[in-house]
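A.B. asks: coords_6.txt (compact mmCIF, C-alpha atoms and all ligand atoms) pasted underneath:
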# COMPACT_ATOMS: atom_id res chain seq x y z
CA MET A 140 154.71 103.42 96.53
CA ASN A 141 154.79 103.25 92.74
CA LYS A 142 157.54 104.57 90.50
CA LYS A 143 155.60 107.55 89.23
CA ARG A 144 154.90 108.63 92.73
CA ILE A 145 158.56 108.42 93.68
CA LEU A 146 159.41 110.42 90.60
CA LEU A 147 156.82 113.02 91.45
CA ILE A 148 158.14 113.42 94.95
CA ALA A 149 161.65 113.61 93.62
CA VAL A 150 160.60 116.41 91.30
CA LEU A 151 158.83 118.17 94.14
CA CYS A 152 161.82 117.77 96.44
CA PHE A 153 164.08 119.18 93.80
CA LEU A 154 161.83 122.19 93.27
CA GLY A 155 161.17 122.38 96.95
CA ALA A 156 164.88 122.71 97.61
CA CYS A 157 164.75 126.02 95.76
CA ALA A 158 161.72 127.18 97.65
CA ASN A 159 159.90 125.82 100.63
CA THR A 160 160.19 122.18 101.70
CA LYS A 161 157.36 122.49 104.21
CA SER A 162 154.84 122.20 101.40
CA LEU A 163 155.67 118.51 101.12
CA LYS A 164 154.40 117.57 104.53
CA VAL A 165 150.99 116.50 103.41
CA ASN A 166 152.44 114.18 100.80
CA HIS A 167 154.11 112.10 103.45
CA GLN A 168 150.91 110.15 103.99
CA SER A 169 151.20 106.95 102.03
CA VAL A 170 149.37 106.80 98.73
CA HIS A 171 145.84 105.46 98.75
CA HIS A 172 143.93 104.99 95.56
CA GLU A 173 141.05 102.85 96.75
CA PHE A 174 138.61 104.07 94.16
CA GLY A 175 138.86 105.08 90.50
CA GLU A 176 141.61 104.84 87.91
CA SER A 177 144.49 107.29 88.01
CA VAL A 178 144.69 109.70 85.12
CA HIS A 179 148.04 111.39 84.43
CA GLU A 180 148.28 114.60 82.49
CA LYS A 181 151.54 116.36 81.83
CA GLU A 182 152.38 119.62 80.13
CA TYR A 183 155.86 121.00 79.62
CA GLU A 184 156.05 124.54 78.34
CA ASP A 185 158.90 127.04 78.24
CA THR A 186 157.45 128.93 81.15
CA TYR A 187 155.69 126.28 83.20
CA VAL A 188 155.20 122.58 83.87
CA MET A 189 152.03 120.83 84.87
CA ASN A 190 151.72 117.40 86.35
CA LEU A 191 148.18 116.38 87.12
CA ILE A 192 147.22 113.08 88.69
CA TYR A 193 143.57 112.66 89.51
CA PRO A 194 141.02 109.85 89.66
CA LYS A 195 138.53 108.88 87.00
CA THR A 196 135.67 107.24 88.89
CA ASP A 197 133.06 106.66 86.16
CA ILE A 198 130.56 108.42 88.38
CA PRO A 199 129.70 111.37 86.12
CA THR A 200 128.79 113.82 88.92
CA LEU A 201 131.96 113.05 90.81
CA ASP A 202 134.23 113.14 87.76
CA GLU A 203 132.70 116.43 86.73
CA GLU A 204 133.31 117.98 90.14
CA ILE A 205 136.93 116.77 90.15
CA GLN A 206 137.38 118.43 86.74
CA ASN A 207 135.74 121.64 87.97
CA ILE A 208 138.17 121.86 90.85
CA ILE A 209 141.21 121.19 88.70
CA GLN A 210 140.12 123.59 85.96
CA SER A 211 139.41 126.36 88.42
CA TYR A 212 142.91 126.19 89.93
CA LYS A 213 144.46 125.67 86.53
CA SER A 214 142.94 128.86 85.16
CA ASP A 215 144.12 130.76 88.25
CA PHE A 216 147.57 129.37 87.64
CA LEU A 217 147.60 130.24 83.95
CA ALA A 218 146.23 133.73 84.64
CA GLN A 219 149.33 134.81 86.53
CA PRO A 220 151.98 136.86 84.71
CA PHE A 221 154.80 134.49 83.81
CA VAL A 222 158.07 136.15 84.70
CA LYS A 223 161.00 134.53 82.94
CA SER A 224 163.14 132.67 85.40
CA ASP A 225 165.43 129.69 85.48
CA ASP A 226 162.82 127.66 87.31
CA ARG A 227 159.67 127.09 85.36
CA TYR A 228 156.43 127.72 87.19
CA GLU A 229 154.70 124.61 88.37
CA PHE A 230 151.16 123.37 88.73
CA ASN A 231 150.78 120.03 90.38
CA VAL A 232 147.76 117.96 91.39
CA ASP A 233 147.82 114.67 93.21
CA TYR A 234 145.14 112.76 95.03
CA GLN A 235 144.09 110.03 97.41
CA SER A 236 140.80 108.18 97.19
CA TYR A 237 139.02 106.02 99.73
CA ILE A 238 135.86 103.97 99.91
CA LYS A 239 133.99 103.18 103.10
CA ASP A 240 131.09 100.75 103.58
CA ASP A 241 130.99 100.15 99.81
CA ARG A 242 129.12 103.43 99.72
CA TYR A 243 131.02 106.58 100.62
CA ILE A 244 133.75 107.66 98.24
CA SER A 245 136.21 110.24 99.51
CA VAL A 246 138.64 112.08 97.29
CA LYS A 247 141.34 114.30 98.71
CA MET A 248 143.22 116.45 96.24
CA ASP A 249 146.55 118.15 96.89
CA ILE A 250 146.94 121.15 94.68
CA PHE A 251 150.34 122.79 94.54
CA MET A 252 151.18 125.93 92.63
CA ASN A 253 154.59 127.50 92.45
CA GLY A 254 154.81 130.72 90.45
CA THR A 255 154.75 134.35 91.41
CA SER A 256 153.90 132.91 94.78
CA GLN A 257 153.73 129.44 96.18
CA LYS A 258 150.45 127.98 97.23
CA GLU A 259 149.28 124.64 98.45
CA VAL A 260 145.61 123.82 98.77
CA ILE A 261 143.67 120.76 99.87
CA GLU A 262 140.28 119.95 98.41
CA THR A 263 138.08 117.14 99.69
CA LEU A 264 134.98 115.55 98.22
CA ILE A 265 132.71 112.92 99.73
CA TYR A 266 130.24 111.23 97.45
CA ASP A 267 127.43 109.00 98.69
CA GLN A 268 126.83 106.33 96.06
CA LYS A 269 123.51 105.33 97.58
CA LYS A 270 122.02 108.80 97.65
CA GLU A 271 123.93 109.76 94.52
CA ARG A 272 125.04 113.07 95.90
CA PHE A 273 127.88 114.84 97.64
CA LEU A 274 127.93 115.00 101.41
CA ALA A 275 128.81 118.20 103.21
CA TYR A 276 129.74 118.70 106.86
CA ASP A 277 126.07 118.99 107.91
CA ASP A 278 125.20 115.71 106.21
CA VAL A 279 127.81 113.83 108.18
CA PHE A 280 127.80 115.50 111.60
CA ASP A 281 125.21 116.52 114.19
CA GLN A 282 124.93 120.03 115.55
CA ASP A 283 126.84 119.05 118.68
CA ALA A 284 129.79 117.77 116.67
CA THR A 285 131.85 120.97 116.40
CA ALA A 286 132.66 121.03 120.12
CA VAL A 287 133.78 117.40 120.11
CA ILE A 288 135.83 117.74 116.93
CA SER A 289 137.40 120.99 118.08
CA ALA A 290 138.53 119.42 121.38
CA MET A 291 139.99 116.39 119.63
CA VAL A 292 141.79 118.32 116.94
CA GLN A 293 143.29 120.71 119.51
CA GLU A 294 144.42 117.86 121.72
CA LYS A 295 146.08 115.94 118.88
CA LEU A 296 147.80 118.95 117.36
CA LYS A 297 149.04 120.16 120.73
CA THR A 298 150.85 116.87 121.22
CA GLN A 299 152.34 117.03 117.75
CA TYR A 300 153.11 120.75 117.53
CA PRO A 301 153.38 122.01 121.11
CA LYS A 302 155.11 125.27 120.18
CA GLU A 303 152.83 126.42 117.37
CA CYS A 304 149.64 125.74 119.29
CA GLY A 305 149.81 128.86 121.42
CA SER A 306 149.09 131.17 118.48
CA LYS A 307 145.95 133.19 117.98
CA ALA A 308 145.54 131.68 114.50
CA PHE A 309 145.58 128.21 116.02
CA ALA A 310 142.81 129.15 118.46
CA ILE A 311 140.69 130.74 115.72
CA HIS A 312 141.05 127.92 113.21
CA THR A 313 140.39 125.11 115.69
CA ALA A 314 137.48 126.83 117.45
CA PRO A 315 134.17 124.91 117.47
CA ALA A 316 132.78 126.16 114.17
CA ALA A 317 131.69 123.93 111.29
CA HIS A 318 133.65 125.87 108.65
CA ASN A 319 136.89 125.01 110.47
CA PHE A 320 136.30 121.30 109.92
CA ASP A 321 134.58 121.14 106.57
CA GLN A 322 137.56 119.59 104.79
CA PHE A 323 137.51 115.95 105.71
CA ILE A 324 137.31 112.48 104.27
CA LEU A 325 135.81 109.21 105.44
CA ARG A 326 138.37 106.43 105.55
CA LYS A 327 137.53 102.88 106.59
CA GLY A 328 138.70 103.26 110.15
CA GLU A 329 138.79 106.99 110.74
CA ILE A 330 137.76 110.44 109.65
CA VAL A 331 140.61 112.69 108.55
CA PHE A 332 140.31 116.46 108.90
CA TYR A 333 142.56 118.64 106.75
CA PHE A 334 143.75 122.16 107.37
CA ASP A 335 145.17 124.45 104.72
CA GLU A 336 148.46 126.26 105.13
CA HIS A 337 148.38 129.54 107.03
CA THR A 338 145.33 128.48 109.01
CA VAL A 339 145.93 126.23 112.02
CA LEU A 340 149.64 126.03 111.25
CA ASP A 341 151.89 127.64 108.64
CA HIS A 342 151.86 124.45 106.61
CA THR A 343 149.06 122.10 105.69
CA THR A 344 148.25 119.50 108.28
CA TYR A 345 145.72 116.83 109.12
CA VAL A 346 144.22 115.08 112.12
CA GLU A 347 142.89 111.52 112.12
CA VAL A 348 139.99 110.74 114.44
CA ASP A 349 138.49 107.28 115.04
CA TYR A 350 134.80 106.80 114.27
CA ASP A 351 134.34 105.50 117.79
CA ALA A 352 135.42 108.79 119.28
CA LEU A 353 132.79 110.59 117.17
CA LYS A 354 130.03 107.99 117.27
CA ASP A 355 127.64 110.22 119.24
CA VAL A 356 127.88 113.10 116.81
CA ILE A 357 128.01 111.38 113.41
CA SER A 358 124.69 111.40 111.65
CA ILE A 359 125.48 109.10 108.74
CA GLU A 360 125.87 106.07 111.01
CA LYS A 361 122.67 106.86 112.88
CA GLU A 362 120.82 107.40 109.65
CA GLU A 363 121.78 103.92 108.52
CA GLU A 364 120.13 102.53 111.61
CA SER A 365 117.07 104.72 111.49
CA VAL A 366 116.14 104.46 107.84
CA PHE A 367 113.78 101.56 108.47
CA VAL A 368 112.18 102.54 111.77
CA PRO A 369 108.40 102.37 111.63
CA TYR A 370 106.69 105.53 110.52
CA GLN A 371 105.22 107.44 113.41
CA ASP A 372 103.55 109.97 111.17
CA VAL A 373 100.90 109.15 108.68
CA LEU A 374 102.51 109.07 105.28
CA ASN A 375 101.22 111.52 102.77
CA GLU A 376 99.76 109.56 99.95
CA PRO A 377 99.47 111.32 96.61
CA VAL A 378 96.10 112.80 95.69
CA LYS A 379 94.82 110.96 92.66
CA GLN A 380 92.54 111.94 89.86
CA ILE A 381 90.25 109.01 89.16
CA ASP A 382 87.35 109.41 86.74
CA LYS A 383 84.56 107.11 87.87
CA ASP A 384 83.01 107.20 84.43
CA LYS A 385 86.05 105.86 82.66
CA PRO A 386 87.15 102.21 82.58
CA MET A 387 89.52 101.03 85.28
CA VAL A 388 91.33 97.83 86.20
CA ALA A 389 93.40 96.74 89.18
CA LEU A 390 96.77 95.06 88.70
CA THR A 391 97.61 92.89 91.69
CA PHE A 392 100.95 91.37 92.56
CA ASP A 393 101.15 88.48 95.03
CA ASP A 394 103.83 86.68 97.04
CA GLY A 395 106.35 89.54 97.21
CA PRO A 396 107.97 91.77 97.74
CA THR A 397 111.22 90.92 96.00
CA LEU A 398 113.94 93.48 95.77
CA LYS A 399 114.62 93.37 92.06
CA TYR A 400 111.22 92.68 90.52
CA THR A 401 109.04 94.68 92.88
CA SER A 402 111.38 97.67 92.48
CA ALA A 403 111.18 97.43 88.70
CA ILE A 404 107.38 97.26 88.80
CA LEU A 405 107.21 100.21 91.22
CA ASP A 406 109.49 102.23 88.93
CA CYS A 407 107.21 101.59 85.99
CA LEU A 408 104.04 102.40 87.95
CA LYS A 409 105.56 105.64 89.15
CA GLU A 410 106.72 106.61 85.70
CA ASN A 411 103.23 106.11 84.30
CA GLN A 412 101.40 107.57 87.33
CA ALA A 413 99.63 104.26 87.76
CA SER A 414 98.74 102.31 90.90
CA ALA A 415 98.60 98.65 91.79
CA THR A 416 97.91 96.44 94.78
CA PHE A 417 100.64 94.32 96.30
CA PHE A 418 99.43 91.36 98.32
CA VAL A 419 102.53 90.84 100.38
CA LEU A 420 103.49 88.00 102.65
CA GLY A 421 103.82 88.96 106.30
CA SER A 422 107.04 86.96 106.52
CA ARG A 423 108.61 89.16 103.85
CA ALA A 424 107.19 92.52 104.88
CA GLU A 425 109.72 93.29 107.57
CA ASP A 426 112.59 92.23 105.35
CA TYR A 427 111.69 94.89 102.80
CA PRO A 428 110.38 97.85 104.79
CA GLN A 429 111.73 100.31 102.30
CA LEU A 430 109.81 98.70 99.43
CA LEU A 431 106.59 98.67 101.43
CA GLN A 432 106.99 102.28 102.42
CA ARG A 433 107.63 103.14 98.82
CA MET A 434 104.47 101.33 97.74
CA VAL A 435 102.39 103.46 100.08
CA LEU A 436 104.19 106.73 99.34
CA GLU A 437 103.66 106.24 95.63
CA GLY A 438 99.94 105.65 95.94
CA ASN A 439 99.79 101.86 95.77
CA GLU A 440 97.83 99.60 98.07
CA ILE A 441 99.25 96.86 100.26
CA GLY A 442 97.11 93.81 100.83
CA ASN A 443 97.44 90.89 103.22
CA HIS A 444 98.48 87.59 101.63
CA THR A 445 98.93 85.79 104.98
CA PHE A 446 102.17 85.20 106.82
CA THR A 447 103.36 81.84 105.51
CA HIS A 448 101.27 81.29 102.36
CA LYS A 449 99.47 78.22 103.63
CA GLN A 450 96.18 77.14 102.15
CA LEU A 451 93.88 78.65 104.78
CA THR A 452 91.11 76.08 104.25
CA THR A 453 93.39 73.44 105.76
CA LEU A 454 93.99 75.40 108.97
CA SER A 455 92.11 75.75 112.25
CA LYS A 456 90.22 78.97 112.91
CA GLU A 457 92.87 79.95 115.43
CA ASN A 458 95.68 79.42 112.92
CA ILE A 459 93.88 81.31 110.18
CA GLU A 460 93.44 84.25 112.55
CA GLU A 461 97.08 84.11 113.44
CA GLU A 462 98.15 84.08 109.77
CA ILE A 463 96.04 87.13 109.09
CA SER A 464 96.74 89.17 112.21
CA ALA A 465 100.51 88.53 112.20
CA THR A 466 100.60 89.86 108.64
CA GLN A 467 98.43 92.86 109.52
CA GLU A 468 100.89 93.68 112.30
CA SER A 469 104.05 93.24 110.27
CA ILE A 470 102.73 95.49 107.51
CA HIS A 471 101.58 98.02 110.10
CA ALA A 472 104.99 97.94 111.74
CA VAL A 473 106.67 99.34 108.64
CA THR A 474 103.93 101.44 107.02
CA ASN A 475 101.86 102.58 110.01
CA ARG A 476 98.68 101.34 108.38
CA TYR A 477 96.66 98.13 108.33
CA PRO A 478 95.68 96.51 105.02
CA LYS A 479 91.99 96.64 104.15
CA VAL A 480 92.10 93.78 101.68
CA ILE A 481 93.11 90.14 102.07
CA ARG A 482 93.86 87.65 99.34
CA PRO A 483 93.92 84.05 100.58
CA PRO A 484 96.72 81.96 99.05
CA TYR A 485 95.50 80.02 96.01
CA GLY A 486 92.21 81.89 96.38
CA SER A 487 91.11 79.12 98.74
CA LYS A 488 88.31 80.06 101.07
CA ASN A 489 85.50 78.55 103.11
CA ASP A 490 83.14 79.76 105.81
CA THR A 491 85.83 79.66 108.51
CA VAL A 492 88.15 81.79 106.38
CA LEU A 493 85.32 84.28 105.78
CA GLN A 494 84.66 84.46 109.53
CA CYS A 495 88.28 85.37 110.16
CA THR A 496 88.50 88.38 107.86
CA GLN A 497 87.04 90.73 110.49
CA GLY A 498 85.51 93.34 108.24
CA LYS A 499 88.35 93.34 105.74
CA LYS A 500 87.56 92.51 102.16
CA LEU A 501 88.54 89.10 100.87
CA VAL A 502 89.72 89.51 97.30
CA THR A 503 90.35 87.02 94.53
CA TRP A 504 90.68 87.96 90.81
CA THR A 505 88.88 87.99 87.49
CA ILE A 506 91.88 87.50 85.19
CA ASP A 507 94.56 84.97 86.03
CA SER A 508 97.70 85.83 84.08
CA GLU A 509 99.13 82.39 84.90
CA ASP A 510 102.50 84.09 85.02
CA TRP A 511 103.83 81.37 87.31
CA ARG A 512 103.09 78.82 84.59
CA SER A 513 104.37 80.47 81.41
CA ARG A 514 107.26 82.52 82.85
CA ASN A 515 107.19 84.31 79.55
CA ALA A 516 106.55 88.06 79.39
CA GLN A 517 104.78 88.06 76.02
CA THR A 518 102.53 85.13 76.97
CA ILE A 519 101.55 86.93 80.17
CA VAL A 520 100.84 90.16 78.29
CA ASN A 521 98.72 88.33 75.70
CA LYS A 522 96.75 86.46 78.34
CA VAL A 523 95.88 89.69 80.16
CA LEU A 524 95.07 91.74 77.08
CA LYS A 525 92.98 88.99 75.44
CA ASP A 526 89.82 89.72 77.39
CA VAL A 527 90.58 92.60 79.76
CA LYS A 528 87.51 94.71 80.55
CA ASP A 529 86.37 97.45 82.86
CA GLY A 530 86.48 96.43 86.52
CA ASP A 531 88.89 93.51 86.15
CA ILE A 532 91.26 92.43 88.89
CA ILE A 533 94.38 90.94 87.31
CA LEU A 534 96.45 88.36 89.15
CA LEU A 535 100.24 88.58 88.79
CA HIS A 536 103.23 87.74 91.02
CA ASP A 537 106.09 90.16 91.65
CA PHE A 538 108.24 87.12 92.04
CA TYR A 539 109.47 86.47 88.51
CA ALA A 540 111.60 88.41 86.06
CA SER A 541 109.11 87.58 83.31
CA THR A 542 106.27 89.11 85.32
CA ALA A 543 108.22 92.32 85.91
CA GLU A 544 108.94 92.44 82.17
CA ALA A 545 105.28 91.82 81.41
CA ALA A 546 104.18 94.52 83.86
CA ILE A 547 106.46 97.04 82.18
CA ILE A 548 104.68 96.31 78.88
CA LEU A 549 101.18 96.05 80.37
CA ILE A 550 101.14 99.25 82.43
CA PRO A 551 101.49 101.74 79.54
CA LYS A 552 99.57 99.44 77.18
CA LEU A 553 96.49 99.24 79.40
CA GLN A 554 96.55 103.02 79.83
CA GLU A 555 96.81 103.41 76.08
CA MET A 556 93.69 101.26 75.77
CA GLY A 557 91.89 103.74 78.02
CA PHE A 558 92.07 101.90 81.36
CA GLN A 559 92.87 103.75 84.55
CA LEU A 560 95.16 101.63 86.72
CA VAL A 561 93.81 101.78 90.24
CA THR A 562 94.12 99.84 93.48
CA VAL A 563 91.64 97.15 94.48
CA SER A 564 90.12 99.41 97.14
CA GLU A 565 89.77 102.23 94.63
CA LEU A 566 88.05 99.87 92.24
CA TYR A 567 85.44 99.16 94.90
CA GLU A 568 85.28 102.74 96.06
CA TYR A 569 84.41 103.93 92.59
CA GLY A 570 81.73 101.30 92.44
CA LYS A 571 82.78 99.70 89.19
CA ASN A 572 81.63 96.30 90.33
CA ASP A 573 82.33 93.80 93.02
CA ALA A 574 84.67 91.72 90.91
CA GLY A 575 86.78 89.39 92.92
CA LYS A 576 85.27 90.59 96.16
CA ILE A 577 83.75 87.93 98.28
CA MET A 578 82.42 90.07 101.11
ZN ZN A 601 100.26 83.64 96.55
Show the structure stored in the file as structure tokens.
C.D. replies:
Amino acid sequence: MNKKRILLIAVLCFLGACANTKSLKVNHQSVHHEFGESVHEKEYEDTYVMNLIYPKTDIPTLDEEIQNIIQSYKSDFLAQPFVKSDDRYEFNVDYQSYIKDDRYISVKMDIFMNGTSQKEVIETLIYDQKKERFLAYDDVFDQDATAVISAMVQEKLKTQYPKECGSKAFAIHTAPAAHNFDQFILRKGEIVFYFDEHTVLDHTTYVEVDYDALKDVISIEKEEESVFVPYQDVLNEPVKQIDKDKPMVALTFDDGPTLKYTSAILDCLKENQASATFFVLGSRAEDYPQLLQRMVLEGNEIGNHTFTHKQLTTLSKENIEEEISATQESIHAVTNRYPKVIRPPYGSKNDTVLQCTQGKKLVTWTIDSEDWRSRNAQTIVNKVLKDVKDGDIILLHDFYASTAEAAIILIPKLQEMGFQLVTVSELYEYGKNDAGKIM
């Protein structure tokens, strides 16, 4: 416990001695400031004192909401008629903050007002850093949760406060209804439910429940597990407007996906409403299901670049088939669709390779950016732009920072030059030419 905290409690105890010491109960939990920097604001006026301690998290949405809460209570406090008395009126805010799984930030604020009447309120916020939004009761718990939480809260409070638990208010405020349990925080080891004064008990109180005890009714944990399950439904791909009479080229990215560079390229494609084809390795597909799903959802094409990137011409027919089909399956497992195009590593092909493509198109390229050689964004851009023409298939690799940088320049630039950026299959579909297609 730090000095300021001790001082604060001392001040509260002193004031509390004149009024109601029960209001201090909630402050008996030890201080936790796991996230954000503490900001202290003090105001001493003739008629009132304010002592505000709250977190600054550097997450704008969260900081703004914390301010909203404080300002709303502060204006209530200042709106009351100040009757001259020996004790100045008091407005006090303190907080605890927690972080769980490096993702969920919980802030619990204790708001205490002592003026014409005394009031203590608890406010809780849970912010999901991954989804960049606040989580409410329904985001965290299943429909069946209220019954489980109600039973646990009742059981724990009955042990702690056997006398008070017979009241009608207790029954009402611990009944299985979501609004009874919508003030809670996610700590590392447990969920803590808070109850305002004059609800369950006369004073504020809380109940800690282990995640284990709630594991069947928490949806955030399940969601974590289910995010990457294969799609059962066909994804809805965007409807595109492609003008067959206007020039078009296909950007292709091999050897990925990679988290950083593929994401950056996808961001840029999306921003410019452009499409590309990603020839992914089967061995990487299942490691990045989210990226593959995103490719499809945003109108890009996924091609087969074999499972282990071996030169197919050196393999037996059986091994070639295995390389291709294992990749088809791993892409299907996460996107619910089979690639229609195959690009053999190094563009190497022979009759055996052609026999193994089973009706899928074998695709090479017409412009080699040689991005793997230069590793320089401007060199890559220049090489592509030098002789790009209608119907070209451009070879790139979403494997290098320089290629991602180059793609971010090339995508709007090619559009500016009048090219529509389409997938390889679209290029064929719109009959531009058979560039890079072997069969
Ligand atoms: Zn490759």
A.B. asks: Could you check which of A:Glu461, A:Asp249, A:Asp537, A:Asp321 is closest to A:Thr447, using all atoms listed in the file?
C.D. replies: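 Closest residue, counting all atoms listed in the file: A:Glu461.
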A.B. asks: Given the choices A:Glu303, A:Asp278, A:Glu509, A:Glu294, which gets closest to ligand ZN 601 (chain A) if the distance is worked out from all atoms listed in the file?
C.D. replies: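 Closest residue, counting all atoms listed in the file: A:Glu509.
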A.B. asks: Would you name the residues within 12 Å of ligand ZN 601 (chain A), counting all atoms listed in the file, and put them as number ranges by chain?
C.D. replies: A: 391-396, 417-421, 442-451, 481-487, 503-504, 509-511, 534-538
A.B. asks: Which is closest to A:Ser306 among A:Ile288, A:Leu325, A:Val339, A:Val348, if we use all atoms listed in the file?
C.D. replies: A:Val339
A.B. asks: Report as a short mmCIF file (atom, residue, chain, number, x, y, z; two decimals) with C-alpha atoms, in the coordinates of the input all protein, DNA and RNA residues lying within 9 Å of A:Val260, evaluated on only C-alpha atoms, omitting residues in the same chain fewer than 5 positions from it.
C.D. replies:
data_model
loop_
_atom_site.label_atom_id
_atom_site.label_comp_id
_atom_site.auth_asym_id
_atom_site.auth_seq_id
_atom_site.Cartn_x
_atom_site.Cartn_y
_atom_site.Cartn_z
CA MET A 248 143.22 116.45 96.24
CA ASP A 249 146.55 118.15 96.89
CA ILE A 250 146.94 121.15 94.68
CA PHE A 251 150.34 122.79 94.54
CA MET A 252 151.18 125.93 92.63
CA PHE A 334 143.75 122.16 107.37
CA ASP A 335 145.17 124.45 104.72
CA GLU A 336 148.46 126.26 105.13
CA THR A 343 149.06 122.10 105.69
#
